[in-house]
Amino acid sequence: MKKTKCKIGSLELRTPLILGSCDLFNNVESIRKNYKDLVGAIVLKTTSREPREGHKKPHMAKFGDNLLVASGNANPGIDAMCKIVRELKDIPLIGSVMEPSLAKEYAEAGAIAVELNLSCPNLEEDIPAQHPEEVFEAVKKAKSLCDVPIIAKLTGWNCNLRQTAKAAEEAGAEAIVVSNLFPGMGFYTGLVEQEGAYKIGEPLLGRGYGAYTGKAFLSGVLLMIQRLRKEIKIPIIATGGCCNDLDSIVQTFMSGAVAIETVTPLYQGKDPSKLYREYLEWREKNDI
């Protein structure tokens, strides 16, 4: 089978398959369950300094073959999350933070890298990733507080992604993640089965709106990555519909991404490790 190791800046992973930040990764049991043979690393639930309740439930709903999500970054706070990192020394964990000042705590706890979630579409606050100067300052501050790799999670929504990516690179980010989700919403029609009790016409998410993910999002991600490859030198990690099936994975690496960060398959009963193994077999078959 083809070599699977992946180098992202100074960070070396056993494979380029990264499980992205989500509600599954705020407890020891779920992290252990999902760290399988072909998973390179797991990004923990995006963390705030104090515990955060997040938005009104439901946080997730089906939308065609895709998902609508809006957790509002519910998490138990940095102290609880760092305790998880210290307990799981045998698993490569990437801390995900809402504010750069928390990078120090994650690094000291043993995280192999810190991802700055500068682009969450589900918060009431402004999205830092829409402003190059805010991206630059956030990365610069995180870099000054720790010596682990800093990864900036960006968005192509309502911003000049070329400028924000360059800002992250100039500030010292070792990689960027493209792209966080775009805002979206849906309504209950009674025609599609959903978990929970709904009335006809109600929004599918408790907050009313949230973000849209799945393979339908992938086409835009591919275009963003291919264009950015000509603008920046640091690696690009792809996210957004990148691991729904073998075709998604193949196209994502064709676009120039060095790694995939995936969440959606975990909520659809799919095994990302199995999908990535299919990708390795496809490479063998096609001598790539």
# chains A, B, ... in the order shown; residues from 1 in each chain; ligands from 1
$ select_by_dssp --residues "segment 44-286 of chain A" --states "strand (DSSP E or B)" --output "ChimeraX atom specification"
/A:47,52,60-63,66-69,75,93-97,113-117,150-153,175-178,182-184,187,203,210-213,236-239,259-262
$ residues_around --residues "Cys22 of chain A" --least-positions-apart "6" --cutoff "12 Å" --atoms "only C-alpha atoms" --output "VMD selection string"
chain A and resid 30 to 31 42 to 47 59 to 60 69 to 75 95 to 96 117 120 261 to 267
$ write_last_selection --atoms "C-alpha atoms" --output "PDB file, in the first residue's frame"
ATOM      1  CA  SER A  30     -15.673   9.290  21.998  1.00  0.00           C
ATOM      2  CA  ILE A  31     -12.143  10.324  21.077  1.00  0.00           C
ATOM      3  CA  ILE A  42      -8.238  14.524  15.933  1.00  0.00           C
ATOM      4  CA  VAL A  43      -9.181  18.175  16.371  1.00  0.00           C
ATOM      5  CA  LEU A  44     -10.888  18.728  19.701  1.00  0.00           C
ATOM      6  CA  LYS A  45     -14.147  20.608  20.132  1.00  0.00           C
ATOM      7  CA  THR A  46     -13.563  24.333  19.711  1.00  0.00           C
ATOM      8  CA  THR A  47     -12.897  25.656  23.188  1.00  0.00           C
ATOM      9  CA  HIS A  59     -28.012  21.514  16.878  1.00  0.00           C
ATOM     10  CA  MET A  60     -28.172  19.332  13.775  1.00  0.00           C
ATOM     11  CA  VAL A  69     -25.485  22.408  12.066  1.00  0.00           C
ATOM     12  CA  ALA A  70     -25.524  25.088  14.768  1.00  0.00           C
ATOM     13  CA  SER A  71     -24.030  24.167  18.143  1.00  0.00           C
ATOM     14  CA  GLY A  72     -22.789  27.646  19.004  1.00  0.00           C
ATOM     15  CA  ASN A  73     -19.494  26.071  20.082  1.00  0.00           C
ATOM     16  CA  ALA A  74     -20.937  24.445  23.181  1.00  0.00           C
ATOM     17  CA  ASN A  75     -17.945  23.139  25.176  1.00  0.00           C
ATOM     18  CA  GLY A  95      -6.558  21.917  20.204  1.00  0.00           C
ATOM     19  CA  SER A  96      -9.185  24.201  18.671  1.00  0.00           C
ATOM     20  CA  ASN A 117     -11.204  28.718  14.723  1.00  0.00           C
ATOM     21  CA  CYS A 120     -17.316  29.797  12.945  1.00  0.00           C
ATOM     22  CA  GLU A 261     -10.351  17.479   7.954  1.00  0.00           C
ATOM     23  CA  THR A 262     -13.715  15.721   8.108  1.00  0.00           C
ATOM     24  CA  VAL A 263     -16.778  15.609  10.378  1.00  0.00           C
ATOM     25  CA  THR A 264     -19.956  14.896   8.373  1.00  0.00           C
ATOM     26  CA  PRO A 265     -19.343  11.149   7.751  1.00  0.00           C
ATOM     27  CA  LEU A 266     -19.173  10.580  11.516  1.00  0.00           C
ATOM     28  CA  TYR A 267     -22.815  11.682  11.795  1.00  0.00           C
TER      29      TYR A 267
END
$ residues_around --residues "segment 81-91 of chain A" --least-positions-apart "4" --cutoff "12 Å" --atoms "only C-alpha atoms" --output "PyMOL selection string"
chain A and resi 13-14+25-37+39-51+75-77+95-97+102-113
$ residues_around --residues "Ala129 of chain A" --least-positions-apart "2" --cutoff "12 Å" --atoms "only C-alpha atoms" --output "JSON list (two decimals) with C-alpha atoms, in the first residue's frame"
[["chain", "number", "residue", "atom", "x", "y", "z"],
["A", 98, "MET", "CA", -12.06, 30.53, 19.96],
["A", 116, "LEU", "CA", -7.51, 28.90, 15.56],
["A", 117, "ASN", "CA", -11.20, 28.72, 14.72],
["A", 118, "LEU", "CA", -11.48, 32.20, 13.27],
["A", 119, "SER", "CA", -14.44, 31.41, 11.05],
["A", 120, "CYS", "CA", -17.32, 29.80, 12.94],
["A", 121, "PRO", "CA", -20.56, 30.78, 11.13],
["A", 125, "GLU", "CA", -20.05, 37.70, 17.26],
["A", 126, "ASP", "CA", -18.18, 39.03, 14.25],
["A", 127, "ILE", "CA", -16.23, 36.47, 12.23],
["A", 131, "HIS", "CA", -10.86, 40.58, 8.21],
["A", 132, "PRO", "CA", -7.18, 40.07, 7.21],
["A", 133, "GLU", "CA", -5.89, 42.28, 10.01],
["A", 134, "GLU", "CA", -7.75, 40.25, 12.64],
["A", 135, "VAL", "CA", -6.43, 36.99, 11.19],
["A", 136, "PHE", "CA", -2.89, 38.36, 11.28],
["A", 137, "GLU", "CA", -3.15, 39.52, 14.90],
["A", 138, "ALA", "CA", -4.76, 36.28, 16.09],
["A", 139, "VAL", "CA", -2.08, 34.08, 14.52],
["A", 152, "ALA", "CA", -5.73, 29.04, 10.96],
["A", 153, "LYS", "CA", -9.22, 27.85, 10.06],
["A", 154, "LEU", "CA", -10.59, 30.24, 7.45],
["A", 155, "THR", "CA", -13.75, 30.75, 5.43],
["A", 156, "GLY", "CA", -14.59, 31.75, 1.90],
["A", 157, "TRP", "CA", -17.86, 33.30, 3.08],
["A", 158, "ASN", "CA", -18.32, 37.05, 2.58],
["A", 159, "CYS", "CA", -14.61, 37.89, 2.51],
["A", 160, "ASN", "CA", -11.48, 38.06, 0.37],
["A", 161, "LEU", "CA", -10.02, 34.63, 1.13],
["A", 162, "ARG", "CA", -6.84, 35.42, -0.76],
["A", 163, "GLN", "CA", -6.12, 38.31, 1.61],
["A", 164, "THR", "CA", -6.98, 36.42, 4.80],
["A", 165, "ALA", "CA", -4.89, 33.41, 3.75],
["A", 166, "LYS", "CA", -1.92, 35.65, 3.02],
["A", 167, "ALA", "CA", -2.39, 37.35, 6.40],
["A", 168, "ALA", "CA", -2.29, 33.98, 8.16],
["A", 176, "ILE", "CA", -4.63, 26.96, 6.90],
["A", 177, "VAL", "CA", -7.92, 25.06, 6.84],
["A", 178, "VAL", "CA", -10.30, 25.87, 3.97],
["A", 179, "SER", "CA", -13.19, 26.29, 4.22],
["A", 180, "ASN", "CA", -15.30, 26.53, 7.30]]
$ atom_distance --atom1 "atom CA of Ser21 of chain A" --atom2 "atom CA of Leu181 of chain A"
12.4 Å
$ atom_distance --atom1 "atom CA of Glu281 of chain A" --atom2 "atom CA of Ser10 of chain A"
27.5 Å
$ residues_around --residues "Leu67 of chain A" --least-positions-apart "3" --cutoff "7 Å" --atoms "only C-alpha atoms" --output "ChimeraX atom specification"
/A:60-63,212-214
$ select_by_dssp --residues "segment 18-138 of chain A" --states "helix (DSSP H, G or I)" --output "ChimeraX atom specification"
/A:23-25,28-34,78-87,100-109,128-130,132-138
$ write_last_selection --atoms "N, CA and C atoms" --output "short mmCIF file (atom, residue, chain, number, x, y, z; two decimals), in the first residue's frame"
data_model
loop_
_atom_site.label_atom_id
_atom_site.label_comp_id
_atom_site.auth_asym_id
_atom_site.auth_seq_id
_atom_site.Cartn_x
_atom_site.Cartn_y
_atom_site.Cartn_z
N ASP A 23 -18.90 18.10 18.23
CA ASP A 23 -19.38 17.76 19.58
C ASP A 23 -18.94 16.38 20.04
N LEU A 24 -18.50 15.52 19.12
CA LEU A 24 -18.03 14.19 19.50
C LEU A 24 -16.71 14.24 20.26
N PHE A 25 -15.97 15.32 20.06
CA PHE A 25 -14.60 15.35 20.57
C PHE A 25 -14.43 16.29 21.76
N VAL A 28 -13.36 11.80 26.55
CA VAL A 28 -12.35 10.78 26.34
C VAL A 28 -12.88 9.57 25.57
N GLU A 29 -14.05 9.10 25.94
CA GLU A 29 -14.59 7.87 25.36
C GLU A 29 -14.80 8.01 23.85
N SER A 30 -15.39 9.10 23.42
CA SER A 30 -15.67 9.29 22.00
C SER A 30 -14.39 9.47 21.19
N ILE A 31 -13.42 10.14 21.77
CA ILE A 31 -12.14 10.32 21.08
C ILE A 31 -11.46 8.98 20.87
N ARG A 32 -11.40 8.17 21.91
CA ARG A 32 -10.78 6.84 21.78
C ARG A 32 -11.52 5.99 20.75
N LYS A 33 -12.83 6.04 20.77
CA LYS A 33 -13.64 5.24 19.85
C LYS A 33 -13.35 5.59 18.40
N ASN A 34 -13.11 6.86 18.12
CA ASN A 34 -12.96 7.31 16.74
C ASN A 34 -11.52 7.37 16.25
N ILE A 78 -11.73 25.44 28.78
CA ILE A 78 -10.34 25.06 28.52
C ILE A 78 -9.77 24.12 29.57
N ASP A 79 -10.12 24.29 30.84
CA ASP A 79 -9.55 23.42 31.88
C ASP A 79 -9.97 21.97 31.66
N ALA A 80 -11.25 21.76 31.37
CA ALA A 80 -11.75 20.40 31.14
C ALA A 80 -11.14 19.79 29.88
N MET A 81 -10.98 20.60 28.85
CA MET A 81 -10.44 20.07 27.59
C MET A 81 -8.95 19.74 27.72
N CYS A 82 -8.22 20.55 28.47
CA CYS A 82 -6.79 20.26 28.68
C CYS A 82 -6.61 18.99 29.50
N LYS A 83 -7.53 18.73 30.39
CA LYS A 83 -7.49 17.49 31.17
C LYS A 83 -7.61 16.29 30.23
N ILE A 84 -8.45 16.40 29.21
CA ILE A 84 -8.59 15.33 28.22
C ILE A 84 -7.28 15.11 27.47
N VAL A 85 -6.63 16.21 27.08
CA VAL A 85 -5.36 16.10 26.35
C VAL A 85 -4.31 15.38 27.20
N ARG A 86 -4.24 15.74 28.47
CA ARG A 86 -3.25 15.11 29.35
C ARG A 86 -3.54 13.62 29.55
N GLU A 87 -4.81 13.26 29.53
CA GLU A 87 -5.18 11.86 29.71
C GLU A 87 -4.92 11.02 28.46
N PRO A 100 -7.06 33.30 20.64
CA PRO A 100 -5.66 32.87 20.56
C PRO A 100 -4.97 32.73 21.91
N SER A 101 -5.44 33.42 22.92
CA SER A 101 -4.80 33.35 24.24
C SER A 101 -4.85 31.95 24.83
N LEU A 102 -5.77 31.10 24.34
CA LEU A 102 -5.91 29.74 24.87
C LEU A 102 -4.91 28.77 24.26
N ALA A 103 -4.17 29.20 23.27
CA ALA A 103 -3.19 28.32 22.63
C ALA A 103 -2.14 27.84 23.63
N LYS A 104 -1.75 28.70 24.54
CA LYS A 104 -0.73 28.35 25.53
C LYS A 104 -1.16 27.17 26.38
N GLU A 105 -2.41 27.19 26.86
CA GLU A 105 -2.89 26.10 27.71
C GLU A 105 -2.88 24.76 26.97
N TYR A 106 -3.34 24.77 25.75
CA TYR A 106 -3.36 23.53 24.97
C TYR A 106 -1.95 23.01 24.72
N ALA A 107 -1.03 23.90 24.38
CA ALA A 107 0.35 23.49 24.12
C ALA A 107 0.98 22.89 25.37
N GLU A 108 0.77 23.51 26.51
CA GLU A 108 1.34 23.02 27.76
C GLU A 108 0.73 21.68 28.17
N ALA A 109 -0.53 21.44 27.77
CA ALA A 109 -1.19 20.18 28.10
C ALA A 109 -0.70 19.03 27.23
N PRO A 128 -13.84 36.76 12.74
CA PRO A 128 -12.50 37.33 12.52
C PRO A 128 -11.93 37.01 11.14
N ALA A 129 -12.24 35.82 10.62
CA ALA A 129 -11.66 35.39 9.34
C ALA A 129 -12.15 36.21 8.15
N GLN A 130 -13.08 37.12 8.37
CA GLN A 130 -13.51 38.00 7.29
C GLN A 130 -12.65 39.26 7.21
N PRO A 132 -8.60 40.46 7.24
CA PRO A 132 -7.18 40.07 7.21
C PRO A 132 -6.39 40.54 8.42
N GLU A 133 -6.65 41.77 8.88
CA GLU A 133 -5.89 42.28 10.01
C GLU A 133 -6.17 41.51 11.29
N GLU A 134 -7.41 41.04 11.46
CA GLU A 134 -7.75 40.25 12.64
C GLU A 134 -7.13 38.86 12.57
N VAL A 135 -7.09 38.29 11.38
CA VAL A 135 -6.43 36.99 11.19
C VAL A 135 -4.95 37.11 11.54
N PHE A 136 -4.32 38.14 11.03
CA PHE A 136 -2.89 38.36 11.28
C PHE A 136 -2.61 38.47 12.78
N GLU A 137 -3.38 39.30 13.47
CA GLU A 137 -3.15 39.52 14.90
C GLU A 137 -3.41 38.26 15.72
N ALA A 138 -4.44 37.50 15.35
CA ALA A 138 -4.76 36.28 16.09
C ALA A 138 -3.63 35.25 15.96
#
$ closest_residue --among "A:Pro183, A:Pro149, A:Pro16, A:Gly201" --to "Ala238 of chain A" --atoms "only C-alpha atoms"
A:Pro16
$ atom_distance --atom1 "atom CA of Gly206 of chain A" --atom2 "atom CA of Gly240 of chain A"
22.1 Å
$ closest_residue --among "A:Glu193, A:Phe217, A:Arg229, A:Arg52" --to "Asn66 of chain A" --atoms "only C-alpha atoms"
A:Phe217
$ decode --residues "segment 209-224 of chain A" --atoms "C-alpha atoms" --output "JSON list (two decimals), in the first residue's frame"
[["chain", "number", "residue", "atom", "x", "y", "z"],
["A", 209, "TYR", "CA", -30.30, 29.08, 11.16],
["A", 210, "GLY", "CA", -26.81, 27.64, 11.21],
["A", 211, "ALA", "CA", -24.35, 26.29, 8.66],
["A", 212, "TYR", "CA", -24.52, 23.88, 5.74],
["A", 213, "THR", "CA", -22.12, 21.01, 5.10],
["A", 214, "GLY", "CA", -21.79, 17.92, 2.95],
["A", 215, "LYS", "CA", -20.69, 16.97, -0.55],
["A", 216, "ALA", "CA", -22.74, 19.77, -2.11],
["A", 217, "PHE", "CA", -20.28, 22.15, -0.41],
["A", 218, "LEU", "CA", -17.22, 20.47, -1.92],
["A", 219, "SER", "CA", -17.22, 22.09, -5.35],
["A", 220, "GLY", "CA", -16.67, 25.52, -3.84],
["A", 221, "VAL", "CA", -13.94, 24.20, -1.55],
["A", 222, "LEU", "CA", -12.07, 22.70, -4.51],
["A", 223, "LEU", "CA", -12.09, 26.03, -6.33],
["A", 224, "MET", "CA", -10.93, 27.93, -3.25]]
